[in-house]
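Visitor: Mind looking over this structure? Questions follow.
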Amino acid sequence: MDSVAPPSPGPGPATSRLRPAPGVGWAVEMHGLLLRGPGGARTIHYPAAAVWDLIARGYSLERVVALTGHIADLDEEGTRALVKEAIREWVAAGYLEEVSGDG
Amino acid sequence: MANLALTASCNRGCGYCFAMNYLESRGGAKAMPLETLERALDFLERSGIGEARLLGGEPTLHPHFEQVVDRALERGFRLLVFTGGLIPARALRKLASLPQERCSLLVNVIPPGEGRTAEHAAQARVFRALGPRVVLGINIARPGTPLDFLVELIDRYGLARSVRLGLAHPVLEGENEFLHPRHYPEVGRRVARFGALAAEHGVELVFDCGWVPCMFPDGAMQALGLGPQEVGLRCNPILDVMPDGEVISCFPLARHAVEVLERYPDAGVLRRAFRERQAGDRAFMLYAHCAGCEHRAAGRCSGGCLAGSLRRVRSTPFTVTLPGGAAPSGAAAGQERGRRSIPLPILHGSPPRGPETGGATCV
Amino acid sequence: MQSLRAAPPASAGYLLPVLHRWLFHAPLHGIAALVNTESAAILRADAPEAWPAVLHPLRAALSAAVPAAPRPLEGDVCPSFLGIIPTRGCNLGCVYCNFGGPTASRERMDPRVAVAAVDWMAKRLHEAGRELFQIHFFGGEPFVAPEVVDVVVHRARYMAARYGLRTYVDASTNGVFDEARCRFVGDYFGGVVLSFDGFPEHHDRTRPGKNGRPTFEAVARTARRLAQMPLDLCIRVCVTQDSVARLEEITDWMCTEFSPAVVNFETLTPGELATAAGLRVPDPYEFAAHCVGAYRVAESHGIRAVYSAAEHERVRLSFCPVGTDALIVSLDGRVSACYLLPEDWRMRGLDMDLGSISPDGGMRLDRDAVARARRLPAEKPRCDGCFCRWSCAGGCHVNQTYPGSSDAYTDFCIQTRLVTACLLLRELGQEELVDELLAHGGALRALAGHAPDTVDLGWCTHEGSTPAAVRQPRGAGRSLVADGMTLLG
């Protein structure tokens with residue numbers, strides 16, 4: 001999983017940054033993570049729990065994908081889809097928010 | 001139950017103190033003005049609470065302590081004074097003059113080997129002066145905190161045959177010495193042994209908040225006569241009224257939420273308000289494995305001290321950088337919430353590298 | 001030194017001289033007693049029916065069903081834990097390192113090998129109806145390969161959730177890592193064994209960085225951080241002749257400063273590197289005395305002290321993972337019973353390899369190799385007559401009681417016998433006797449060198465159904481029996 005696909009073409013901003021929304025906190029639980037946020041507390045199960053942990057600990061997205069591939073035992077495409085979907089869900093639920101222009 | 005913190009002053013320097021950090025940080029009135037006391041007593045009255053529990057800091061250091069006592073008694077309250085046991089002579093005389101049925105003291109005893117000789121002597125004076133009015137209390141901050149001496153003190157000074165055992169809990173924000181949950185089983189074993197000694201001497205053990213069943217050896221809770229109400233489910237808003245009349249849930253959670261006394265008709269409503277505010281946090285428990293614990297599943301444990309549980313919660317800021325590119329299929333969700341659409345991660349290649357944080361450092 | 005080969009241990013009680021008295025120990029029963037010379041003679045020679053009344057409580061206790069002596073495992077492999085060696089590389093230059101750390105390659109385990117091992121283990125535990133999935137990271141320094149650790153931890157938790165297992169992850173580490181790694185360890189690990197050799201003058205001498213720079217401050221910082229985390233912090237102190245005299249002081253400081261769950265004492269393992277660095281193994285008598293002192297200090301803090309070889313509260317056949325079916329996976333996919341370097345065990349004529357695992361998930365375990373590893377701890381001729389047989393269990397199979405090793409007690413045996421005896425005496429409430437013993441060189445030597453200790457208790461061998469691992473609670477029944485015994489003579 002150390003090699004990943006080349007960048008997808010297309011328009012759009014160069015990069016976008018996400019961060020935890022105010023008041024978001026998380027703790028490691030027996031089989032996943034417990035996430036507290038605007039929508040209340042919810043458990044993140046594996047393998048998404050690993051994605052949150054790796055992102056929260058500052059791994060670059062490329063490494064998150066590489067490591068999650070091993071953790072979830074998925075191929076590259078599957079891993080990307082997993083990470084993408086996990087982040088989408090967290091954004092939708094308000095756990096992650098975009099960092100404004102000046103960061 | 002609600003406690004009135006009469007003053008932020010204290011003449012002891014307990015490392016585990018969960019009150020001073022907060023009291024000192026508040027500024028404003030260091031001692032509760034008498035008019036605030038009246039408001040607080042009104043609140044107790046309309047809450048149907050018959051006992052005025054005075055704490056601090058050291059409540060007997062309140063500049064008008066005698067008046068506070070008189071006023072509470074005049075209004076028909078029974079007094080319980082939480083004290084570090086270094087009581088000024090005037091206050092001690094006042095307390096000694098009160099009928100036993102109207103006033104008792106919970107003296108936070110200095111264990112042998114700790115504190116100065118003069119402090120031990122001062123506590124001994126209080127024990128001699130107040131005898132059976134004194135209930136001994138001890139906050140266990142270290143697994144080796146001695147206990148057996150409590151029985152000896154009770155016998156020597158004829159104190160109330162009851163001991164209040166507290167766990168030194170961490171304050172959620174700030175620093176204090178606290179009993180780490182890794183030591184709970186050791187403390188459980190020691191308390192079980194102490195319980196046997198106490199029973200032999202006819203001394204009852206009373207457990208303060210935050211004790212959990214998993215810290216006791218098998219059979220110890222039955223031997224100590226403990227149920228979930230004493231051990232497992234005791235982490236609730238206590239309601240501590242600050243010198244300026246503001247109310248907190250409890251000292252370890254002091255900065256978590258503050259309320260104003262007048263806003264609430266009685267203690268029940270105020271307690272409910274705190275509970276509701278803490279509801280989301282209650283999902284967090286002392287240990288990561290609490291979620292799979294049989295005590296929890298059976299409703300015998302709520303997961304220990306909330307402040308201790310919340311120490312496990314991470315909220316370190318982080319950012320994840322998403323490369324731009326493809327149309328974000330997840331944007332709809334963001335838009336639903338009124339947010340700007342967020343590009344989804346397009347995960348493209350770059351040479352693998354290590355984490356930006358973590359890992360062993362080379363020396 | 002006479003031969004220690006003695007009676008079959010399963011039915012054994014043991015008697016050993018303590019000044020003018022005798023310490024009786026029946027480890028399988030969980031009983032100890034202090035008796036006088038006359039009683040000791042009766043215990044050795046007389047049929048129990050002829051025992052005087054004062055020995056009746058002991059006879060009654062011994063007559064109760066006794067758990068079977070631990071035997072080598074049989075049947076399908078069901079590992080006690082999974083050991084992972086993410087790398088043999090290390091970021092320190094410890095002068096006594098037995099793992100080649102300072103010069104070892106920083107090569108890391110292929111994460112696919114790690115995942116394959118985790119998956120195999122989780123499935124096996126599930127099939128065996130186990131609930132606990134234990135993983136221990138060895139090194140080198142495991143956090144030199146942080147991504148392997150991350151993958152293993154998360155994959156194990158993922159698999160544990162799938163199979164309804166609980167995970168317990170711990171690691172042996174030098175503690176020289178940053179705060180973010182501390183937080184990760186605090187969040188995901190149940191325990192950490194942190195190597196920390198004492199005050200700066202000790203620690204920095206034995207555990208410097210590769211460039212020779214001191215590491216004390218870095219390790220102390222980590223210890224402070226880990227002390228705040230929800231895990232069991234075990235501080236492991238390697239004791240040398242330089243530090244042994246200050247063991248109590250070191251223990252007091254560590255307990256005060258870090259409030260660990262355990263302080264663990266190990267004596268320096270002799271080796272070329274250690275010798276070249278001028279380090280000496282502590283004198284066993286001195287170590288025993290200070291170790292007992294350190295136990296007392298730790299207990300005053302409510303903290304557990306452990307000298308591993310003297311853990312007499314539990315009965316065991318093997319001192320270490322060998323023989324327990326633990327699988328230690330090396331970075332090249334070798335699966336072994338022992339975490340030491342292969343060249344170390346080969347030097348003793350041992351083969352600890354059990355098989356291998358490949359990145360595609362194929363686990364190959366050699367049945368004969370597994371059987372050999374299971375039998376190894378049972379073959380300890382030196383230990384047959386020693387009262388520590390079921391607690392020390394012979395110590396390291398590679399460095400202490402390897403095949404062909406001498407039957408005579410070594411320094412390791414001497415210190416283990418002394419510490420174990422003192423701990424038993426303390427449980428009997430004989431603190432003053434312990435002090436007296438430790439101050440009496442002749443008595444210490446008599447106890448240390450006594451052989452064989454065995455007393456035939458064949459008459460009371462009714463093996464119960466209780467598994468060997470289950471013992472009476474610490475101290476149960478002991479002081480009661482002791483009170484009775486001390487009356488005679």
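FYI, nothing fancy with the structure tokens labels: chains A, B, ... in order, residues from 1 per chain, ligands from 1 as they appear.
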So which residues touch segment 38-45 of chain B within 10 Å, counting only C-alpha atoms, skipping near sequence neighbours fewer than 5 positions away, as a ChimeraX atom specification?
Guide: /B:1-4,32-33,50-52,68,71-72,75-77,241-243,245-247,261-262,264-267
Visitor: Counting only C-alpha atoms, what is within 7 Å of segment 168-183 of chain C, bar same-chain residues fewer than 6 positions away, as a PDB file with C-alpha atoms, in the first residue's frame?
Guide:
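Saved to selection-v4.pdb:
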ATOM      1  CA  THR B 357       4.266  13.551  15.098  1.00  0.00           C
ATOM      2  CA  GLY B 358       5.018  10.478  17.099  1.00  0.00           C
ATOM      3  CA  GLY B 359       7.711   7.922  16.887  1.00  0.00           C
ATOM      4  CA  ALA B 360      10.887   7.452  18.765  1.00  0.00           C
ATOM      5  CA  THR B 361      13.363  10.269  18.797  1.00  0.00           C
TER       6      THR B 361
ATOM      7  CA  PHE C 133      -6.157 -10.889  22.944  1.00  0.00           C
ATOM      8  CA  GLN C 134      -2.773  -9.845  24.318  1.00  0.00           C
ATOM      9  CA  ILE C 135      -0.044  -8.293  22.267  1.00  0.00           C
ATOM     10  CA  HIS C 136       3.378  -7.323  23.499  1.00  0.00           C
ATOM     11  CA  PHE C 137       5.849  -5.311  21.476  1.00  0.00           C
ATOM     12  CA  PHE C 138       9.498  -6.170  21.887  1.00  0.00           C
ATOM     13  CA  GLU C 141      12.876  -0.175  20.460  1.00  0.00           C
ATOM     14  CA  PRO C 142       9.439  -0.863  19.023  1.00  0.00           C
ATOM     15  CA  PHE C 189      -1.959   0.465  25.527  1.00  0.00           C
ATOM     16  CA  GLY C 190      -2.939  -1.329  28.689  1.00  0.00           C
ATOM     17  CA  GLY C 191       0.598  -1.258  29.983  1.00  0.00           C
ATOM     18  CA  VAL C 192       4.135  -0.191  29.320  1.00  0.00           C
ATOM     19  CA  VAL C 193       7.341  -1.681  30.647  1.00  0.00           C
ATOM     20  CA  LEU C 194       9.653   1.299  30.779  1.00  0.00           C
ATOM     21  CA  SER C 195      13.370   0.676  31.201  1.00  0.00           C
ATOM     22  CA  ALA C 218      13.926  12.272  28.344  1.00  0.00           C
ATOM     23  CA  VAL C 219      12.931   9.047  30.063  1.00  0.00           C
ATOM     24  CA  THR C 222       8.083  10.139  29.424  1.00  0.00           C
ATOM     25  CA  ARG C 225       3.600  11.697  31.022  1.00  0.00           C
ATOM     26  CA  LEU C 226       2.773   8.020  31.088  1.00  0.00           C
TER      27      LEU C 226
END
Visitor: Per residue of chain C within 12 Å of chain A, record the nearest atom pair and its distance in Å to one decimal, counting only C-alpha atoms, with rows in chain order and ascending residue number, as a Markdown table.
Guide:
| residue | atom | partner | partner_atom | distance |
| --- | --- | --- | --- | --- |
| C:Asp110 | CA | A:His70 | CA | 10.2 |
| C:Pro111 | CA | A:His70 | CA | 6.8 |
| C:Arg112 | CA | A:His70 | CA | 6.7 |
| C:Val113 | CA | A:His70 | CA | 10.0 |
| C:Ala114 | CA | A:His70 | CA | 9.3 |
| C:Val115 | CA | A:His70 | CA | 7.0 |
| C:Ala116 | CA | A:His70 | CA | 9.9 |
| C:Val118 | CA | A:Ile71 | CA | 10.3 |
| C:Asp119 | CA | A:Asp73 | CA | 10.3 |
| C:Leu132 | CA | A:Met30 | CA | 11.9 |
| C:Pro146 | CA | A:Leu67 | CA | 11.1 |
| C:Glu147 | CA | A:Leu67 | CA | 7.4 |
| C:Val148 | CA | A:Leu67 | CA | 8.8 |
| C:Val149 | CA | A:Leu67 | CA | 10.6 |
| C:Asp150 | CA | A:Leu67 | CA | 8.1 |
| C:Val151 | CA | A:Ile71 | CA | 5.6 |
| C:Val152 | CA | A:Ile71 | CA | 7.6 |
| C:Val153 | CA | A:Ile71 | CA | 8.9 |
| C:His154 | CA | A:Ala50 | CA | 6.1 |
| C:Arg155 | CA | A:Ile71 | CA | 4.8 |
| C:Ala156 | CA | A:Ile71 | CA | 8.6 |
| C:Arg157 | CA | A:His31 | CA | 6.1 |
| C:Tyr158 | CA | A:Tyr46 | CA | 5.4 |
| C:Met159 | CA | A:Tyr46 | CA | 8.8 |
| C:Ala160 | CA | A:His31 | CA | 7.3 |
| C:Ala161 | CA | A:His31 | CA | 5.4 |
| C:Arg162 | CA | A:His31 | CA | 9.0 |
| C:Tyr163 | CA | A:His31 | CA | 10.7 |
| C:Gly164 | CA | A:His31 | CA | 9.0 |
| C:Leu165 | CA | A:His31 | CA | 9.0 |
| C:Arg166 | CA | A:Met30 | CA | 7.2 |
| C:Thr167 | CA | A:Met30 | CA | 7.9 |
| C:Tyr168 | CA | A:Met30 | CA | 9.9 |
| C:Val169 | CA | A:Met30 | CA | 11.9 |
| C:Glu179 | CA | A:Arg57 | CA | 10.9 |
| C:Ala180 | CA | A:Arg57 | CA | 7.2 |
| C:Arg181 | CA | A:Arg57 | CA | 8.8 |
| C:Cys182 | CA | A:Arg57 | CA | 11.3 |
| C:Arg183 | CA | A:Arg57 | CA | 9.3 |
| C:Phe184 | CA | A:Arg57 | CA | 8.3 |
| C:Val185 | CA | A:Val28 | CA | 11.1 |
| C:Gly186 | CA | A:Val28 | CA | 9.7 |
| C:Asp187 | CA | A:Val28 | CA | 6.0 |
| C:Tyr188 | CA | A:Val28 | CA | 7.0 |
| C:Phe189 | CA | A:Val28 | CA | 10.3 |
| C:Gly190 | CA | A:Met30 | CA | 11.1 |
| C:Pro230 | CA | A:Val28 | CA | 10.7 |
| C:Pro359 | CA | A:His70 | CA | 11.1 |
| C:Asp360 | CA | A:Asp73 | CA | 11.1 |
| C:Gly361 | CA | A:Asp73 | CA | 11.3 |
Visitor: What residues in segment 97-208 of chain C get the DSSP label helix (DSSP H, G or I)? Please answer as a PDB file with C-alpha atoms, in the first residue's frame.
Guide:
ATOM      1  CA  PRO C 111       3.088  -4.453   7.919  1.00  0.00           C
ATOM      2  CA  ARG C 112       1.550  -7.318   5.963  1.00  0.00           C
ATOM      3  CA  VAL C 113       3.435  -9.777   8.152  1.00  0.00           C
ATOM      4  CA  ALA C 114       2.161  -7.993  11.242  1.00  0.00           C
ATOM      5  CA  VAL C 115      -1.398  -8.015   9.966  1.00  0.00           C
ATOM      6  CA  ALA C 116      -1.165 -11.686   9.071  1.00  0.00           C
ATOM      7  CA  ALA C 117       0.029 -12.506  12.582  1.00  0.00           C
ATOM      8  CA  VAL C 118      -2.708 -10.463  14.188  1.00  0.00           C
ATOM      9  CA  ASP C 119      -5.373 -12.054  12.031  1.00  0.00           C
ATOM     10  CA  TRP C 120      -4.153 -15.570  12.694  1.00  0.00           C
ATOM     11  CA  MET C 121      -4.016 -14.947  16.416  1.00  0.00           C
ATOM     12  CA  ALA C 122      -7.451 -13.340  16.649  1.00  0.00           C
ATOM     13  CA  LYS C 123      -9.046 -16.173  14.752  1.00  0.00           C
ATOM     14  CA  ARG C 124      -7.250 -18.784  16.819  1.00  0.00           C
ATOM     15  CA  LEU C 125      -8.301 -17.184  20.090  1.00  0.00           C
ATOM     16  CA  HIS C 126     -11.867 -16.983  18.884  1.00  0.00           C
ATOM     17  CA  GLU C 127     -11.868 -20.640  17.908  1.00  0.00           C
ATOM     18  CA  PRO C 142       9.439  -0.863  19.023  1.00  0.00           C
ATOM     19  CA  PHE C 143       8.591   2.802  18.561  1.00  0.00           C
ATOM     20  CA  VAL C 144      11.457   3.173  16.141  1.00  0.00           C
ATOM     21  CA  PRO C 146       5.881   3.537  14.757  1.00  0.00           C
ATOM     22  CA  GLU C 147       3.831   2.705  11.710  1.00  0.00           C
ATOM     23  CA  VAL C 148       4.125  -1.010  12.357  1.00  0.00           C
ATOM     24  CA  VAL C 149       2.944  -0.417  15.898  1.00  0.00           C
ATOM     25  CA  ASP C 150       0.041   1.684  14.646  1.00  0.00           C
ATOM     26  CA  VAL C 151      -1.026  -0.938  12.154  1.00  0.00           C
ATOM     27  CA  VAL C 152      -0.797  -3.765  14.675  1.00  0.00           C
ATOM     28  CA  VAL C 153      -2.731  -1.899  17.351  1.00  0.00           C
ATOM     29  CA  HIS C 154      -5.531  -0.880  15.048  1.00  0.00           C
ATOM     30  CA  ARG C 155      -5.733  -4.155  13.204  1.00  0.00           C
ATOM     31  CA  ALA C 156      -5.855  -6.016  16.514  1.00  0.00           C
ATOM     32  CA  ARG C 157      -8.646  -3.801  17.774  1.00  0.00           C
ATOM     33  CA  TYR C 158     -10.489  -4.225  14.501  1.00  0.00           C
ATOM     34  CA  MET C 159     -10.207  -8.001  14.679  1.00  0.00           C
ATOM     35  CA  ALA C 160     -11.034  -8.007  18.376  1.00  0.00           C
ATOM     36  CA  ALA C 161     -14.250  -6.153  17.660  1.00  0.00           C
ATOM     37  CA  ARG C 162     -15.068  -8.629  14.942  1.00  0.00           C
ATOM     38  CA  TYR C 163     -14.496 -11.656  17.166  1.00  0.00           C
ATOM     39  CA  GLU C 179       4.623  13.524  23.598  1.00  0.00           C
ATOM     40  CA  ALA C 180       2.367  12.562  20.703  1.00  0.00           C
ATOM     41  CA  ARG C 181       3.591   8.983  20.903  1.00  0.00           C
ATOM     42  CA  CYS C 182       3.026   9.101  24.663  1.00  0.00           C
ATOM     43  CA  ARG C 183      -0.575  10.071  24.067  1.00  0.00           C
ATOM     44  CA  PHE C 184      -1.017   7.236  21.590  1.00  0.00           C
ATOM     45  CA  VAL C 185       0.446   4.775  24.053  1.00  0.00           C
ATOM     46  CA  GLY C 186      -1.716   6.170  26.819  1.00  0.00           C
ATOM     47  CA  ASP C 187      -4.826   5.811  24.724  1.00  0.00           C
ATOM     48  CA  TYR C 188      -4.281   2.378  23.238  1.00  0.00           C
ATOM     49  CA  PRO C 200      21.040  10.023  36.408  1.00  0.00           C
ATOM     50  CA  GLU C 201      24.391   8.623  37.516  1.00  0.00           C
ATOM     51  CA  HIS C 202      23.022   5.106  37.014  1.00  0.00           C
ATOM     52  CA  HIS C 203      20.685   5.543  34.105  1.00  0.00           C
ATOM     53  CA  ASP C 204      22.937   7.689  31.967  1.00  0.00           C
ATOM     54  CA  ARG C 205      25.796   5.289  32.480  1.00  0.00           C
ATOM     55  CA  THR C 206      23.830   2.227  31.395  1.00  0.00           C
TER      56      THR C 206
END
Visitor: Counting only C-alpha atoms, which residue out of B:Arg296, B:Pro59, B:Ala129, B:Gln123 sits closest to Gly158 of chain B?
Guide: B:Ala129
Visitor: Segment 283-286 of chain C: which residues within 12 Å, counting only C-alpha atoms, same-chain residues fewer than 2 positions away excluded, as a PyMOL selection string?
Guide: chain C and resi 239-247+266-268+280-281+288-293+409-419+437-449
Visitor: Which residues are close to Arg426 of chain C, i.e. within 12 Å by only C-alpha atoms, leaving aside same-chain residues fewer than 2 positions away? Reply as a VMD selection string.
Guide: chain C and resid 23 32 to 34 292 to 293 295 to 296 299 419 to 424 428 to 435 437 474 to 475 478 to 479 482
Visitor: So that I can check the surroundings of Asn139 of chain B, please list as a ChimeraX atom specification every protein, DNA and RNA residue that reaches within 10 Å of it, counting only C-alpha atoms and ignoring chain neighbours fewer than 5 positions away.
Guide: /B:14,16-17,108-111,145,164-169,178-179,208
Visitor: Using only C-alpha atoms, can you tell me which of C:Gly212, C:Arg59, C:Glu379, C:Ala227 comes closest to Asp46 of chain C?
Guide: C:Arg59
Visitor: Nearest residue to Arg133 of chain B out of B:Leu95, B:Leu310, B:Leu54, B:Leu147, using only C-alpha atoms?
Guide: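 Ranked by minimum distance to Arg133 of chain B, first place goes to B:Leu95.
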Visitor: Quick one: residues within 12 Å of Ala283 of chain B, only C-alpha atoms counted, chain neighbours fewer than 5 positions away excluded, as a list in words?
Guide: Gly25, Trp26, Ala27, Val28, Glu29, Leu33, Leu34, Leu35, Arg36, Gly37, Gly40, Ala41, Arg42 and Thr43 of chain A; Gln278, Ala288, Cys290, Ala291, Arg296, Ser302, Gly303, Gly304, Leu306, Ser309, Leu310, Arg312 and Val313 of chain B
Visitor: Considering only C-alpha atoms, can you say which of C:Cys338, C:Ile31, C:Leu376, C:Leu92 comes closest to chain B?
Guide: C:Leu92
Visitor: Nearest to chain B: which of C:Arg367, C:Arg316, C:Arg106, C:Arg348 is it, counting only C-alpha atoms?
Guide: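 Smallest separation from chain B among the options: C:Arg106.
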Visitor: If DSSP is run on the backbone, what residues of segment 177-378 of chain C are strand (DSSP E)? A reply as number ranges by chain would be ideal.
Guide: C: 191-195, 232-239, 262-267, 304-307, 327-329, 334-336, 353-357, 363-365
Visitor: Dump C-alpha atoms for the selected residues as a PDB file, in the first residue's frame?
Guide:
ATOM      1  CA  GLY C 191       0.598  -1.258  29.983  1.00  0.00           C
ATOM      2  CA  VAL C 192       4.135  -0.191  29.320  1.00  0.00           C
ATOM      3  CA  VAL C 193       7.341  -1.681  30.647  1.00  0.00           C
ATOM      4  CA  LEU C 194       9.653   1.299  30.779  1.00  0.00           C
ATOM      5  CA  SER C 195      13.370   0.676  31.201  1.00  0.00           C
ATOM      6  CA  ASP C 232      -0.314   0.374  33.920  1.00  0.00           C
ATOM      7  CA  LEU C 233       3.140   1.841  34.050  1.00  0.00           C
ATOM      8  CA  CYS C 234       5.766  -0.706  35.000  1.00  0.00           C
ATOM      9  CA  ILE C 235       9.215   0.718  35.569  1.00  0.00           C
ATOM     10  CA  ARG C 236      11.936  -1.859  35.017  1.00  0.00           C
ATOM     11  CA  VAL C 237      15.190  -1.172  36.781  1.00  0.00           C
ATOM     12  CA  CYS C 238      18.277  -3.040  35.693  1.00  0.00           C
ATOM     13  CA  VAL C 239      20.328  -3.303  38.863  1.00  0.00           C
ATOM     14  CA  VAL C 262       4.847  -1.754  39.406  1.00  0.00           C
ATOM     15  CA  VAL C 263       8.545  -1.277  39.987  1.00  0.00           C
ATOM     16  CA  ASN C 264      10.374  -4.246  38.578  1.00  0.00           C
ATOM     17  CA  PHE C 265      13.943  -5.163  39.470  1.00  0.00           C
ATOM     18  CA  GLU C 266      16.151  -7.202  37.211  1.00  0.00           C
ATOM     19  CA  THR C 267      19.822  -7.791  37.722  1.00  0.00           C
ATOM     20  CA  ARG C 304       3.856  -3.306  43.853  1.00  0.00           C
ATOM     21  CA  ALA C 305       7.518  -4.206  43.686  1.00  0.00           C
ATOM     22  CA  VAL C 306       8.491  -7.206  41.626  1.00  0.00           C
ATOM     23  CA  TYR C 307      11.633  -9.210  41.286  1.00  0.00           C
ATOM     24  CA  LEU C 327       4.267 -16.614  19.547  1.00  0.00           C
ATOM     25  CA  ILE C 328       6.957 -14.025  19.022  1.00  0.00           C
ATOM     26  CA  VAL C 329       6.985 -12.765  15.465  1.00  0.00           C
ATOM     27  CA  ARG C 334      10.002 -15.977  11.913  1.00  0.00           C
ATOM     28  CA  VAL C 335       7.745 -17.182  14.690  1.00  0.00           C
ATOM     29  CA  SER C 336       9.613 -18.095  17.861  1.00  0.00           C
ATOM     30  CA  ASP C 353      11.885 -21.143  16.290  1.00  0.00           C
ATOM     31  CA  LEU C 354       8.375 -22.509  15.974  1.00  0.00           C
ATOM     32  CA  GLY C 355       7.626 -21.658  12.373  1.00  0.00           C
ATOM     33  CA  SER C 356       6.992 -18.659  10.220  1.00  0.00           C
ATOM     34  CA  ILE C 357       4.318 -16.429   8.846  1.00  0.00           C
ATOM     35  CA  MET C 363       1.116 -19.321   9.232  1.00  0.00           C
ATOM     36  CA  ARG C 364       3.288 -22.392   9.382  1.00  0.00           C
ATOM     37  CA  LEU C 365       3.903 -23.856  12.822  1.00  0.00           C
TER      38      LEU C 365
END
Visitor: From the set A:Ile55, A:Val99, A:Ala92, A:Ala86, which residue has the shortest atom-to-atom contact distance to Pro38 of chain A, counting only C-alpha atoms?
Guide: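 Selected residue with least distance to Pro38 of chain A: A:Ala92.
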Visitor: What lies within 7 Å of Glu98 of chain A using only C-alpha atoms, ignoring chain neighbours under 2 positions off, as a list in words?
Guide: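 Counting only the stated atoms, we get Arg17, Leu18, Arg19, Leu96 and Ser100 of chain A.
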Visitor: Write a file of the selected residues as an mmCIF file, in the first residue's frame, keeping N, CA and C atoms.
Guide:
data_model
loop_
_atom_site.group_PDB
_atom_site.id
_atom_site.type_symbol
_atom_site.label_atom_id
_atom_site.label_comp_id
_atom_site.auth_asym_id
_atom_site.auth_seq_id
_atom_site.Cartn_x
_atom_site.Cartn_y
_atom_site.Cartn_z
ATOM 1 N N ARG A 17 -8.633 22.486 3.975
ATOM 2 C CA ARG A 17 -8.218 21.926 5.263
ATOM 3 C C ARG A 17 -9.414 21.781 6.188
ATOM 4 N N LEU A 18 -9.434 20.664 6.870
ATOM 5 C CA LEU A 18 -10.505 20.397 7.829
ATOM 6 C C LEU A 18 -9.908 20.341 9.220
ATOM 7 N N ARG A 19 -10.738 20.652 10.179
ATOM 8 C CA ARG A 19 -10.301 20.538 11.574
ATOM 9 C C ARG A 19 -11.512 20.128 12.411
ATOM 10 N N LEU A 96 -16.216 17.523 11.842
ATOM 11 C CA LEU A 96 -15.106 18.222 11.188
ATOM 12 C C LEU A 96 -15.659 19.434 10.463
ATOM 13 N N SER A 100 -11.146 28.159 7.794
ATOM 14 C CA SER A 100 -11.379 29.317 6.928
ATOM 15 C C SER A 100 -10.066 29.788 6.307
#
Visitor: To one decimal place, how far is atom CA of Cys386 of chain C from atom CA of Pro452 of chain C in Å?
Guide: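 These atoms are spaced 6.2 Å apart.
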Visitor: If I take atom CA of Tyr14 of chain C and atom CA of Gly385 of chain C, how far is one from the other in Å, to one decimal?
Guide: 8.3 Å
Visitor: Give me, please, the distance in Å between atom CA of Arg93 of chain B and atom CA of Leu159 of chain B, quoted to one decimal.
Guide: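 These two atoms are separated by 17.3 Å.
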